[in-house]
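**Student:** Here you go, this is data-v6.cif (mmCIF, C-alpha atoms).
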```cif
data_upload
#
loop_
_atom_site.label_atom_id
_atom_site.label_comp_id
_atom_site.auth_asym_id
_atom_site.auth_seq_id
_atom_site.Cartn_x
_atom_site.Cartn_y
_atom_site.Cartn_z
CA MET A 30 104.38 71.52 106.91
CA TRP A 31 107.85 70.11 106.19
CA PRO A 32 107.80 70.62 102.41
CA LYS A 33 106.86 74.28 102.98
CA THR A 34 109.67 74.66 105.54
CA LEU A 35 112.22 73.01 103.25
CA ILE A 36 111.20 75.11 100.26
CA THR A 37 111.43 78.28 102.38
CA MET A 38 114.87 77.23 103.63
CA PHE A 39 116.01 76.64 100.04
CA LEU A 40 114.59 80.03 99.08
CA PHE A 41 116.59 81.65 101.89
CA TYR A 42 119.75 79.98 100.59
CA LEU A 43 119.04 81.01 97.00
CA LEU A 44 118.44 84.62 98.04
CA ALA A 45 121.63 84.67 100.13
CA VAL A 46 123.67 83.51 97.13
CA LEU A 47 121.83 85.92 94.83
CA GLN A 48 122.49 88.95 97.01
CA SER A 49 126.19 88.17 97.34
CA SER A 50 126.83 87.32 93.69
CA PHE A 51 124.15 88.32 91.18
CA PHE A 52 123.31 91.69 92.77
CA VAL A 53 126.98 92.65 92.99
CA ARG A 54 126.70 93.51 89.29
CA PHE A 55 123.49 95.48 89.84
CA ASN A 56 124.43 97.45 92.95
CA ILE A 57 123.31 101.06 93.08
CA MET A 58 126.10 103.22 94.51
CA GLY A 59 127.58 100.12 96.08
CA ILE A 60 124.31 99.04 97.66
CA ALA A 61 122.75 95.64 97.13
CA PRO A 62 119.40 94.64 98.65
CA ASN A 63 119.39 92.44 101.75
CA LEU A 64 117.01 89.82 100.34
CA VAL A 65 117.46 87.41 103.26
CA PHE A 66 116.41 90.08 105.75
CA ILE A 67 113.42 91.02 103.57
CA LEU A 68 112.19 87.41 103.34
CA PHE A 69 112.64 86.91 107.09
CA PHE A 70 110.68 90.08 107.80
CA ILE A 71 107.85 89.13 105.42
CA ILE A 72 107.54 85.63 106.90
CA ILE A 73 107.21 86.95 110.45
CA PHE A 74 104.90 89.76 109.29
CA PHE A 75 102.47 87.46 107.48
CA GLU A 76 102.54 84.41 109.77
CA LYS A 77 99.70 85.21 112.12
CA ASN A 78 100.18 82.26 114.42
CA SER A 79 103.93 81.99 114.47
CA SER A 80 105.26 80.78 117.80
CA TYR A 81 108.47 81.95 119.42
CA TYR A 82 110.04 78.64 118.40
CA GLU A 83 109.24 79.38 114.76
CA ILE A 84 110.72 82.87 115.09
CA MET A 85 113.83 81.33 116.65
CA PHE A 86 114.05 78.74 113.88
CA TRP A 87 113.83 81.31 111.07
CA SER A 88 116.25 83.61 112.92
CA ILE A 89 118.80 80.79 112.99
CA VAL A 90 118.29 79.93 109.30
CA ALA A 91 118.36 83.53 108.02
CA GLY A 92 120.99 84.70 110.52
CA PHE A 93 123.29 81.78 109.69
CA LEU A 94 123.12 82.59 105.97
CA LEU A 95 123.76 86.29 106.56
CA ASP A 96 126.72 85.53 108.82
CA VAL A 97 128.24 82.84 106.62
CA PHE A 98 128.46 85.20 103.65
CA SER A 99 129.71 88.15 105.68
CA TYR A 100 132.93 88.97 107.50
CA SER A 101 131.23 88.90 110.88
CA TYR A 102 131.23 86.22 113.55
CA PHE A 103 128.44 83.68 113.68
CA GLY A 104 125.65 84.83 115.93
CA VAL A 105 125.54 88.54 115.09
CA SER A 106 122.67 88.26 112.62
CA ILE A 107 121.05 85.32 114.43
CA VAL A 108 120.68 87.32 117.66
CA LEU A 109 119.63 90.52 115.88
CA LEU A 110 117.00 88.72 113.80
CA LEU A 111 115.70 86.95 116.89
CA VAL A 112 115.27 90.29 118.69
CA ILE A 113 113.63 91.80 115.58
CA GLY A 114 111.34 88.76 115.18
CA ILE A 115 110.15 88.93 118.81
CA LEU A 116 109.65 92.72 118.72
CA LEU A 117 107.82 92.46 115.40
CA LYS A 118 105.51 89.77 116.75
CA LYS A 119 104.77 91.95 119.80
CA ALA A 120 104.07 94.94 117.55
CA MET A 121 101.80 92.84 115.35
CA GLN A 122 99.82 91.59 118.32
CA SER A 123 98.98 95.13 119.33
CA LEU A 124 98.15 96.11 115.73
CA ARG A 125 96.33 92.91 114.82
CA GLU A 126 92.92 94.16 113.72
CA LYS A 127 94.07 97.32 111.99
CA LYS A 128 97.01 95.56 110.35
CA ASP A 129 94.74 93.13 108.53
CA LYS A 130 92.80 96.02 107.03
CA TYR A 131 95.73 98.13 105.83
CA PRO A 132 98.74 95.77 105.85
CA ILE A 133 101.10 97.85 103.67
CA ALA A 134 100.59 100.96 105.82
CA TYR A 135 101.91 99.00 108.80
CA PHE A 136 104.48 97.03 106.87
CA MET A 137 106.41 100.07 105.65
CA PRO A 138 107.10 101.89 108.95
CA LEU A 139 107.79 98.62 110.76
CA PHE A 140 110.23 97.56 108.04
CA LEU A 141 111.97 100.95 108.15
CA VAL A 142 112.47 100.86 111.91
CA PHE A 143 113.65 97.25 112.04
CA TYR A 144 115.89 97.52 109.00
CA ILE A 145 117.70 100.54 110.47
CA PHE A 146 117.98 98.66 113.78
CA TYR A 147 119.54 95.67 112.00
CA ASP A 148 121.86 97.75 109.81
CA VAL A 149 123.23 99.90 112.64
CA PHE A 150 123.67 97.09 115.14
CA SER A 151 125.18 94.58 112.73
CA GLY A 152 127.77 97.28 111.93
CA LEU A 153 128.37 97.89 115.63
CA PHE A 154 129.05 94.22 116.28
CA LEU A 155 131.54 94.21 113.44
CA PHE A 156 133.44 97.05 115.03
CA PHE A 157 133.51 95.38 118.44
CA PHE A 158 131.13 97.80 120.03
CA ASP A 159 133.17 100.83 119.02
CA PRO A 160 130.85 103.66 120.19
CA SER A 161 132.13 106.04 117.51
CA HIS A 162 130.78 103.72 114.84
CA ILE A 163 127.17 104.38 115.84
CA ILE A 164 127.56 108.03 114.76
CA PHE A 165 129.37 106.90 111.65
CA SER A 166 126.54 104.49 110.85
CA PHE A 167 123.97 107.26 110.43
CA SER A 168 125.05 108.47 107.03
CA TRP A 169 123.68 109.02 103.54
CA SER A 170 124.76 105.53 102.78
CA LEU A 171 122.44 104.15 105.50
CA LEU A 172 119.55 106.25 104.18
CA LEU A 173 120.10 105.00 100.64
CA ARG A 174 120.44 101.40 101.81
CA THR A 175 117.20 101.70 103.79
CA LEU A 176 115.26 103.23 100.91
CA TYR A 177 116.58 100.70 98.42
CA ASN A 178 115.71 97.81 100.71
CA LEU A 179 112.29 99.29 101.46
CA THR A 180 111.53 99.51 97.74
CA VAL A 181 112.53 95.87 97.21
CA ALA A 182 110.58 94.90 100.36
CA ILE A 183 107.39 96.55 99.07
CA PHE A 184 107.67 94.60 95.79
CA SER A 185 108.33 91.41 97.74
CA PHE A 186 105.36 92.18 100.00
CA TYR A 187 102.95 92.16 97.05
CA ILE A 188 104.60 89.14 95.44
CA TYR A 189 104.32 87.19 98.71
CA LYS A 190 100.72 88.34 99.18
CA GLY A 191 99.78 87.31 95.65
CA PHE A 192 101.59 84.01 96.03
CA VAL A 193 99.76 83.18 99.29
CA LYS A 194 96.43 84.16 97.72
CA PHE A 195 97.04 82.12 94.56
CA TYR A 196 98.07 78.94 96.36
CA LYS A 197 95.67 79.56 99.27
CA LEU A 198 98.44 78.95 101.79
CA MET B 16 104.99 80.97 134.67
CA ASP B 17 107.99 78.99 135.97
CA PHE B 18 107.54 76.58 133.10
CA SER B 19 107.56 79.38 130.54
CA ILE B 20 110.69 80.98 132.06
CA ARG B 21 112.36 77.56 132.01
CA LYS B 22 111.45 77.17 128.33
CA ILE B 23 112.85 80.60 127.46
CA LEU B 24 116.05 79.90 129.39
CA THR B 25 116.44 76.52 127.67
CA GLY B 26 115.96 78.21 124.27
CA ILE B 27 118.55 80.87 125.07
CA ILE B 28 121.07 78.28 126.32
CA ILE B 29 120.60 76.12 123.20
CA LEU B 30 121.01 79.18 120.98
CA PHE B 31 124.22 80.25 122.69
CA ILE B 32 125.65 76.72 122.53
CA LEU B 33 124.87 76.66 118.81
CA ILE B 34 126.51 80.05 118.25
CA PHE B 35 129.54 79.01 120.32
CA VAL B 36 129.99 75.78 118.31
CA LEU B 37 129.57 77.63 115.01
CA ASN B 38 132.25 80.14 116.01
CA LEU B 39 134.55 77.40 117.27
CA PHE B 40 134.50 75.81 113.81
CA GLN B 41 133.99 79.08 111.96
CA ASN B 42 136.76 78.58 109.40
CA GLN B 43 135.69 75.03 108.57
CA VAL B 44 131.98 75.91 108.38
CA LYS B 45 132.55 78.97 106.16
CA ASN B 46 135.03 77.12 103.95
CA THR B 47 132.68 74.14 103.47
CA PHE B 48 129.81 76.47 102.72
CA TYR B 49 131.96 78.31 100.20
CA ILE B 50 132.90 75.07 98.42
CA ILE B 51 129.23 74.07 98.18
CA SER B 52 128.05 77.51 97.03
CA HIS B 53 130.91 78.37 94.67
CA PRO B 54 129.45 76.71 91.52
CA VAL B 55 126.05 78.36 92.14
CA GLU B 56 127.66 81.77 92.76
CA LYS B 57 129.81 81.44 89.64
CA THR B 58 126.78 80.58 87.50
CA LEU B 59 124.80 83.49 88.94
CA SER B 60 127.71 85.91 88.42
CA MET B 61 127.94 84.86 84.78
CA ALA B 62 124.20 85.29 84.40
CA ALA B 63 124.50 88.75 85.96
CA ASP B 64 127.29 89.66 83.52
CA ASN B 65 125.16 88.67 80.55
CA THR B 66 122.13 90.50 81.92
CA SER B 67 124.07 93.67 82.66
CA VAL B 68 125.57 93.64 79.14
CA PHE B 69 122.06 93.24 77.71
CA PHE B 70 120.63 96.13 79.76
CA ALA B 71 123.66 98.32 79.10
CA SER B 72 123.22 97.89 75.36
CA LEU B 73 119.48 98.47 75.68
CA PHE B 74 119.45 101.60 77.83
CA GLY B 75 122.93 103.00 77.67
CA LYS B 76 123.48 103.75 73.98
CA LYS B 77 124.01 107.45 74.65
CA GLU B 78 126.32 106.83 77.59
CA LEU B 79 128.20 104.23 75.60
CA LYS B 80 128.77 106.71 72.79
CA LYS B 81 130.03 109.31 75.26
CA GLU B 82 132.22 106.77 77.03
CA ASN B 83 133.57 105.60 73.70
CA GLU B 84 134.55 109.13 72.75
CA GLU B 85 136.25 109.67 76.13
CA LEU B 86 138.11 106.40 75.75
CA LYS B 87 139.27 107.41 72.27
CA ILE B 88 140.71 110.65 73.67
CA GLU B 89 142.32 108.78 76.55
CA ASN B 90 143.70 106.22 74.14
CA GLU B 91 145.29 108.93 72.03
CA LYS B 92 146.92 110.41 75.12
CA LEU B 93 148.26 107.01 76.12
CA LEU B 94 149.59 106.40 72.62
CA SER B 95 151.45 109.68 72.75
CA MET B 96 152.84 108.75 76.18
CA ILE B 97 154.00 105.38 74.84
CA SER B 98 155.71 106.94 71.86
CA SER B 99 157.48 109.38 74.16
CA LEU B 100 158.57 106.51 76.39
CA GLN B 101 159.81 104.48 73.46
CA SER B 102 162.33 107.17 72.63
CA ASP B 103 164.38 106.32 75.68
CA GLU B 104 165.64 102.85 76.46
CA ARG B 105 165.65 103.31 80.23
CA GLU B 106 162.06 104.53 80.27
CA ASN B 107 161.10 101.70 77.99
CA GLN B 108 162.34 99.37 80.70
CA ILE B 109 160.17 101.18 83.26
CA ALA B 110 157.14 100.76 81.01
CA ALA B 111 157.88 97.06 80.64
CA ASP B 112 158.17 96.74 84.40
CA ILE B 113 154.85 98.45 84.94
CA LEU B 114 152.98 96.45 82.35
CA GLY B 115 154.70 93.20 83.15
CA PHE B 116 154.38 93.39 86.94
CA LYS B 117 158.06 92.80 87.40
CA ASN B 118 159.27 92.53 91.01
CA MET B 119 155.89 91.16 92.10
CA LYS B 120 154.58 87.69 92.79
CA LEU B 121 150.89 87.47 92.00
CA VAL B 122 148.03 85.03 92.44
CA LEU B 123 145.12 85.30 90.01
CA SER B 124 141.73 85.02 91.72
CA GLY B 125 138.07 85.34 90.82
CA VAL B 126 135.61 87.64 92.57
CA ILE B 127 132.79 85.60 94.07
CA GLY B 128 130.79 87.94 96.25
CA LEU B 129 130.28 91.36 97.77
CA ASP B 130 129.14 92.29 101.26
CA SER B 131 127.79 95.70 100.29
CA GLN B 132 127.13 96.74 103.88
CA GLN B 133 130.80 96.54 104.81
CA ASP B 134 132.48 96.91 101.39
CA ILE B 135 134.10 93.51 101.65
CA ILE B 136 134.48 91.15 98.69
CA SER B 137 135.21 87.42 98.58
CA ILE B 138 137.80 85.95 96.24
CA ASP B 139 138.23 82.31 95.32
CA LYS B 140 141.82 81.90 96.51
CA GLY B 141 142.90 81.20 100.06
CA LEU B 142 145.60 79.65 102.21
CA THR B 143 146.19 76.78 99.79
CA SER B 144 147.17 79.28 97.09
CA GLY B 145 149.55 81.17 99.35
CA VAL B 146 147.25 84.07 100.17
CA LEU B 147 147.82 85.66 103.58
CA GLU B 148 146.17 88.42 105.58
CA GLY B 149 147.37 91.93 104.77
CA MET B 150 148.25 91.24 101.13
CA ALA B 151 147.26 93.87 98.57
CA VAL B 152 144.69 93.09 95.89
CA ILE B 153 144.87 94.79 92.49
CA ASN B 154 143.62 94.32 88.95
CA GLN B 155 145.54 93.92 85.69
CA GLN B 156 145.77 97.70 85.33
CA LYS B 157 147.47 98.03 88.73
CA VAL B 158 144.40 99.57 90.30
CA LEU B 159 144.32 98.97 94.05
CA PHE B 160 141.14 97.29 95.29
CA GLY B 161 142.02 96.64 98.92
CA LYS B 162 143.74 94.18 101.19
CA VAL B 163 143.08 90.65 102.39
CA ILE B 164 141.63 90.70 105.90
CA LYS B 165 140.61 87.08 106.43
CA VAL B 166 141.91 83.93 104.81
CA TYR B 167 140.19 80.55 104.70
CA ASN B 168 141.51 77.42 103.03
CA SER B 169 139.87 77.97 99.65
CA PHE B 170 138.76 81.61 99.72
CA SER B 171 139.50 84.97 101.29
CA LYS B 172 137.78 88.16 102.35
CA VAL B 173 139.14 91.41 100.92
CA MET B 174 138.40 94.76 102.51
CA LEU B 175 137.95 97.29 99.71
CA ILE B 176 139.61 100.69 100.05
CA SER B 177 136.07 102.09 100.30
CA SER B 178 135.36 100.26 103.56
CA LYS B 179 134.85 102.62 106.48
CA SER B 180 137.70 100.84 108.27
CA SER B 181 140.16 101.38 105.43
CA VAL B 182 142.87 104.03 105.58
CA ILE B 183 145.80 104.07 103.14
CA ASP B 184 148.72 106.37 102.45
CA VAL B 185 148.66 108.00 99.06
CA ARG B 186 150.42 110.74 97.18
CA VAL B 187 149.51 112.81 94.18
CA GLN B 188 151.11 111.41 91.04
CA GLN B 189 153.81 113.91 90.22
CA ASP B 190 155.72 112.38 87.33
CA ASP B 191 155.22 113.20 83.71
CA PRO B 192 155.30 110.31 81.21
CA ARG B 193 159.08 110.49 81.07
CA GLY B 194 159.42 109.99 84.80
CA THR B 195 160.57 113.51 85.63
CA PRO B 196 159.02 115.03 88.76
CA THR B 197 156.93 118.04 87.78
CA LYS B 198 155.15 118.79 91.06
CA PRO B 199 156.10 118.83 94.73
CA VAL B 200 155.35 115.69 96.77
CA ILE B 201 151.83 115.84 98.21
CA ASN B 202 150.92 113.11 100.66
CA GLY B 203 147.55 112.33 102.16
CA LEU B 204 145.28 109.58 103.33
CA ILE B 205 142.56 107.84 101.39
CA LYS B 206 139.73 106.88 103.71
CA GLY B 207 136.75 104.72 102.86
CA SER B 208 133.32 106.26 103.19
CA GLY B 209 131.29 103.10 102.53
CA GLY B 210 129.05 102.43 99.52
CA LEU B 211 132.16 101.99 97.31
CA GLY B 212 133.18 105.61 97.92
CA VAL B 213 136.45 107.14 99.15
CA TYR B 214 137.77 110.58 100.07
CA LEU B 215 141.16 112.20 100.48
CA ASP B 216 142.04 113.53 103.92
CA LEU B 217 144.89 115.04 105.91
CA VAL B 218 146.48 116.99 103.07
CA PRO B 219 148.14 120.14 104.52
CA THR B 220 146.27 123.31 103.48
CA ASP B 221 149.41 124.87 102.01
CA GLN B 222 149.65 122.10 99.42
CA GLU B 223 147.75 122.52 96.19
CA ILE B 224 145.63 119.66 94.95
CA LYS B 225 143.63 120.05 91.79
CA GLU B 226 140.73 118.30 90.16
CA GLN B 227 141.84 115.41 87.94
CA ASP B 228 144.95 114.84 90.06
CA ILE B 229 145.76 111.14 90.12
CA LEU B 230 146.33 109.48 93.48
CA ILE B 231 148.72 106.57 93.87
CA THR B 232 149.95 104.56 96.83
CA SER B 233 152.93 106.11 98.58
CA ALA B 234 154.02 102.99 100.47
CA LEU B 235 154.95 104.98 103.56
CA GLU B 236 153.59 102.20 105.74
CA GLU B 237 155.03 99.54 103.42
CA LEU B 238 151.70 97.71 103.46
CA PHE B 239 151.24 98.13 99.72
CA PRO B 240 153.73 98.42 96.88
CA LYS B 241 154.43 101.92 95.59
CA ASP B 242 152.58 103.55 92.68
CA LEU B 243 149.39 101.49 92.62
CA LEU B 244 146.53 103.50 91.13
CA VAL B 245 143.91 104.58 93.67
CA GLY B 246 141.65 107.30 92.27
CA LYS B 247 141.17 110.72 90.76
CA VAL B 248 140.40 113.95 92.64
CA THR B 249 136.99 115.28 91.60
CA LYS B 250 136.43 118.12 94.07
CA ASN B 251 138.64 119.86 96.55
CA TYR B 252 137.35 121.14 99.92
CA LYS B 253 139.84 123.68 101.15
CA ASN B 254 139.33 125.86 104.18
CA ASP B 255 142.26 128.08 105.16
CA GLN B 256 141.16 128.05 108.78
CA LYS B 257 141.67 124.31 109.00
CA PRO B 258 145.14 122.75 109.05
CA PHE B 259 144.17 120.03 106.57
CA GLN B 260 142.10 119.87 103.43
CA GLN B 261 139.89 117.12 102.11
CA ALA B 262 138.90 116.13 98.59
CA ARG B 263 136.24 114.04 96.94
CA VAL B 264 137.84 111.18 95.04
CA GLU B 265 136.51 108.94 92.33
CA PRO B 266 138.09 105.54 92.96
CA PHE B 267 139.51 103.69 89.96
CA PHE B 268 138.32 100.29 91.12
CA ASN B 269 135.02 99.11 89.69
CA ILE B 270 133.53 96.03 91.24
CA LYS B 271 130.68 95.79 88.76
CA ASN B 272 132.91 95.00 85.80
CA THR B 273 135.54 92.93 87.56
CA ASP B 274 135.76 89.18 87.29
CA ASN B 275 139.39 88.56 88.17
CA LEU B 276 141.82 90.18 90.56
CA LEU B 277 145.47 89.73 91.45
CA VAL B 278 146.73 89.19 94.98
CA ILE B 279 150.27 90.47 95.50
CA THR B 280 151.81 87.68 97.52
CA ASP B 281 155.31 89.18 97.43
CA TYR B 282 157.00 92.25 96.03
CA LYS B 283 160.37 93.90 96.01
CA LYS B 284 160.30 96.92 98.29
CA GLU B 285 161.75 100.01 96.66
CA LYS B 286 163.68 102.55 98.66
#
```
Would you kindly transcribe this structure into structure tokens?
**Tutor:**
Amino acid sequence: MWPKTLITMFLFYLLAVLQSSFFVRFNIMGIAPNLVFILFFIIIFFEKNSSYYEIMFWSIVAGFLLDVFSYSYFGVSIVLLLVIGILLKKAMQSLREKKDKYPIAYFMPLFLVFYIFYDVFSGLFLFFFDPSHIIFSFSWSLLLRTLYNLTVAIFSFYIYKGFVKFYKL
Amino acid sequence: MDFSIRKILTGIIILFILIFVLNLFQNQVKNTFYIISHPVEKTLSMAADNTSVFFASLFGKKELKKENEELKIENEKLLSMISSLQSDERENQIAADILGFKNMKLVLSGVIGLDSQQDIISIDKGLTSGVLEGMAVINQQKVLFGKVIKVYNSFSKVMLISSKSSVIDVRVQQDDPRGTPTKPVINGLIKGSGGLGVYLDLVPTDQEIKEQDILITSALEELFPKDLLVGKVTKNYKNDQKPFQQARVEPFFNIKNTDNLLVITDYKKEK
């Protein structure tokens, strides 16, 4: 259990550094993929028996890394990821049987909804709950960011799936 | 049920204590994390540079040819401007000032990261190098990138002019190469639209702005030095029924190809 947790934590760190340095050179219209968010989402999506403690643990790890590399205060991403993790787990419980049959069909809309939720609210926190920012947040830029991240998430989905199958995790 | 509520409450309390402690030592935590991650980030940035050069040469031959031709034309124009400047000693001094960054104290810094959601970059110089909040950040060509918004001991956060929170005073460049005003003064505001984009706003409708007009800082607020390059007008949106016009602007800053930037720590304010 611990080696897997440590490797995943290291992977989170590596992705956080990658998205803030390597992908700066490969941004599309100023947009870089949020790899930390994608990994967090995939872990919660695939872990069938994850407890609320596990969700909290991964929210702290991923949220800390997102906050440490951003301009925001600590806690913004931690709280948002915790809310997303709990809501995602609830959604998965109600979709359990169908989800196992057609996982990608459920992955995509869930990712879209939760990514937009994270993007809009993390922006709101940064602007100290300025209500005008919520209107400002819904722009072409948000749409492009969401689509770009969804594309990367779909690739990551299959990589993770193949990885789990190969190593029989 | 009581037990489960107690567990949830305990979890929430622990989480909030953790967040509180992290924020209490925010500067120290972020600075330590930066020091640890800096070598990794630097290596990855270099790897990204090499990779982007490889892909650019692989896929962008046509674009490179076009760009090369445009640069040749631009170079010829610049050469003609230089020769015209060289004819006059006073103007030669101006050119030397511009190229030599006279009247400015600068700190050279490396770009180490981009928060693409907020258009904020990190640079590897902080308080220990004399960087303070509010200082302007430019490149060697005097292109304005943004201003420092948060300083840590060893690094700083710079809000790019494309950030949605960024607003700066600009004016249309009106001088010909010899420094003689050829157009009336046109002032406006450059606002960030996110995604590394900017637009020009609050230009009175009776003023005429054209495509290819160059925008430079006007220093009305005295936040930035005068005449820093900002961008080029690409499309004008004029509606006579509105008191102000807007324009689409292509910013001069390019984060993809930038490794080093200059922080203006002090400059002589011109009147």
**Student:** One number please: atom CA of B:Ser144 to atom CA of B:Gln156, in Å, one decimal.
**Tutor:** 21.9 Å
**Student:** Applying the PyMOL selection byres ((chain B) within 7 of (chain A)) to the file I just gave you, which residues come out? Please list them as a PyMOL selection string.
**Tutor:** chain B and resi 34+37-38+45+56+59-60+63-64+127-131+209-211+271
**Student:** To verify the selection step, state as a count of residues only which residues the PyMOL selection byres ((chain B and resi 235-238) around 12) yields on this input.
**Tutor:** 33
**Student:** Please return, as number ranges by chain, all polymer residues that have at least one atom within 12 Å of the point (103.5, 86.3, 109.1); use only C-alpha atoms and the file's own coordinate frame.
**Tutor:** A: 68-80, 83-84, 87, 114, 117-118, 121-122, 125, 128-129, 132, 136, 186, 189-190, 193, 198
**Student:** Selected residues, C-alpha atoms, written as a PDB file, keeping the file's coordinate frame, please.
**Tutor:**
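Dumped to selection-v9.pdb:
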```
ATOM      1  CA  LEU A  68     112.190  87.410 103.340  1.00  0.00           C
ATOM      2  CA  PHE A  69     112.640  86.910 107.090  1.00  0.00           C
ATOM      3  CA  PHE A  70     110.680  90.080 107.800  1.00  0.00           C
ATOM      4  CA  ILE A  71     107.850  89.130 105.420  1.00  0.00           C
ATOM      5  CA  ILE A  72     107.540  85.630 106.900  1.00  0.00           C
ATOM      6  CA  ILE A  73     107.210  86.950 110.450  1.00  0.00           C
ATOM      7  CA  PHE A  74     104.900  89.760 109.290  1.00  0.00           C
ATOM      8  CA  PHE A  75     102.470  87.460 107.480  1.00  0.00           C
ATOM      9  CA  GLU A  76     102.540  84.410 109.770  1.00  0.00           C
ATOM     10  CA  LYS A  77      99.700  85.210 112.120  1.00  0.00           C
ATOM     11  CA  ASN A  78     100.180  82.260 114.420  1.00  0.00           C
ATOM     12  CA  SER A  79     103.930  81.990 114.470  1.00  0.00           C
ATOM     13  CA  SER A  80     105.260  80.780 117.800  1.00  0.00           C
ATOM     14  CA  GLU A  83     109.240  79.380 114.760  1.00  0.00           C
ATOM     15  CA  ILE A  84     110.720  82.870 115.090  1.00  0.00           C
ATOM     16  CA  TRP A  87     113.830  81.310 111.070  1.00  0.00           C
ATOM     17  CA  GLY A 114     111.340  88.760 115.180  1.00  0.00           C
ATOM     18  CA  LEU A 117     107.820  92.460 115.400  1.00  0.00           C
ATOM     19  CA  LYS A 118     105.510  89.770 116.750  1.00  0.00           C
ATOM     20  CA  MET A 121     101.800  92.840 115.350  1.00  0.00           C
ATOM     21  CA  GLN A 122      99.820  91.590 118.320  1.00  0.00           C
ATOM     22  CA  ARG A 125      96.330  92.910 114.820  1.00  0.00           C
ATOM     23  CA  LYS A 128      97.010  95.560 110.350  1.00  0.00           C
ATOM     24  CA  ASP A 129      94.740  93.130 108.530  1.00  0.00           C
ATOM     25  CA  PRO A 132      98.740  95.770 105.850  1.00  0.00           C
ATOM     26  CA  PHE A 136     104.480  97.030 106.870  1.00  0.00           C
ATOM     27  CA  PHE A 186     105.360  92.180 100.000  1.00  0.00           C
ATOM     28  CA  TYR A 189     104.320  87.190  98.710  1.00  0.00           C
ATOM     29  CA  LYS A 190     100.720  88.340  99.180  1.00  0.00           C
ATOM     30  CA  VAL A 193      99.760  83.180  99.290  1.00  0.00           C
ATOM     31  CA  LEU A 198      98.440  78.950 101.790  1.00  0.00           C
TER      32      LEU A 198
END
```
**Student:** Find the spatial neighbours of stretch 244-259 of chain B, counting only C-alpha atoms, within a cut-off of 7 Å - ignore same-chain residues fewer than 2 positions away - and output them as an MDAnalysis selection string.
**Tutor:** chainID B and resid 157:159 217:220 225:232 242 261:267
**Student:** Which residue out of A:Tyr135, A:Phe195, A:Phe140, A:Trp31 has the minimum interatomic distance to A:Phe66 when all atoms listed in the file are used?
**Tutor:**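 Under the stated criterion, the closest residue is A:Phe140.
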**Student:** Tell me which of A:Leu176, A:Ala134, A:Ile188, A:Leu139 sits closest to A:Lys119, counting all atoms listed in the file.
**Tutor:**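 Checking each candidate against A:Lys119, we get A:Leu139 as the closest.
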**Student:** How many Å separate atom CA of A:Val112 from atom CA of B:Leu30?
**Tutor:**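 Atom-to-atom, atom CA of A:Val112 to atom CA of B:Leu30, that is 12.7 Å.
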**Student:** Report the distance between atom CA of B:Ile138 and atom CA of B:Val126 in Å, rounded to one decimal place.
**Tutor:**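 Those two atoms sit 4.6 Å apart.
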**Student:** Hey, which of B:Gln132, B:Asn275, B:Asn65, B:Gln41 ends up closest to B:Tyr167? Count all atoms listed in the file.
**Tutor:**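 That would be B:Gln41, the residue with the smallest distance to B:Tyr167.
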**Student:** Smallest atom-to-atom distance to A:Ala91: which of A:Phe150, A:Leu116, A:Val65, A:Lys33, using all atoms listed in the file?
**Tutor:**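 So, comparing all the options, the nearest one is A:Val65.
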**Student:** Find the residue from B:Lys172, B:Lys57, B:Lys165, B:Arg21 that sits nearest to B:Asp134; use only C-alpha atoms when measuring.
**Tutor:**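 The answer is B:Lys172, which sits nearest to B:Asp134.
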**Student:** I'd like the box whose edges run along x, y and z of the file and which contains every listed atom of stretch 249-252 of chain B, padded by 8 Å per side; could you state its centre and edge lengths in Å, one decimal, as JSON?
**Tutor:**
```
{"center_x": 137.5, "center_y": 118.2, "center_z": 95.8, "size_x": 18.2, "size_y": 21.9, "size_z": 24.3}
```
**Student:** Restricting the calculation to all atoms listed in the file: of A:Val90, A:Ala120, A:Val181, A:Leu109, which residue gets closest to A:Val149?
**Tutor:**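 When distances to A:Val149 are compared using all atoms listed in the file, the smallest one comes from A:Leu109.
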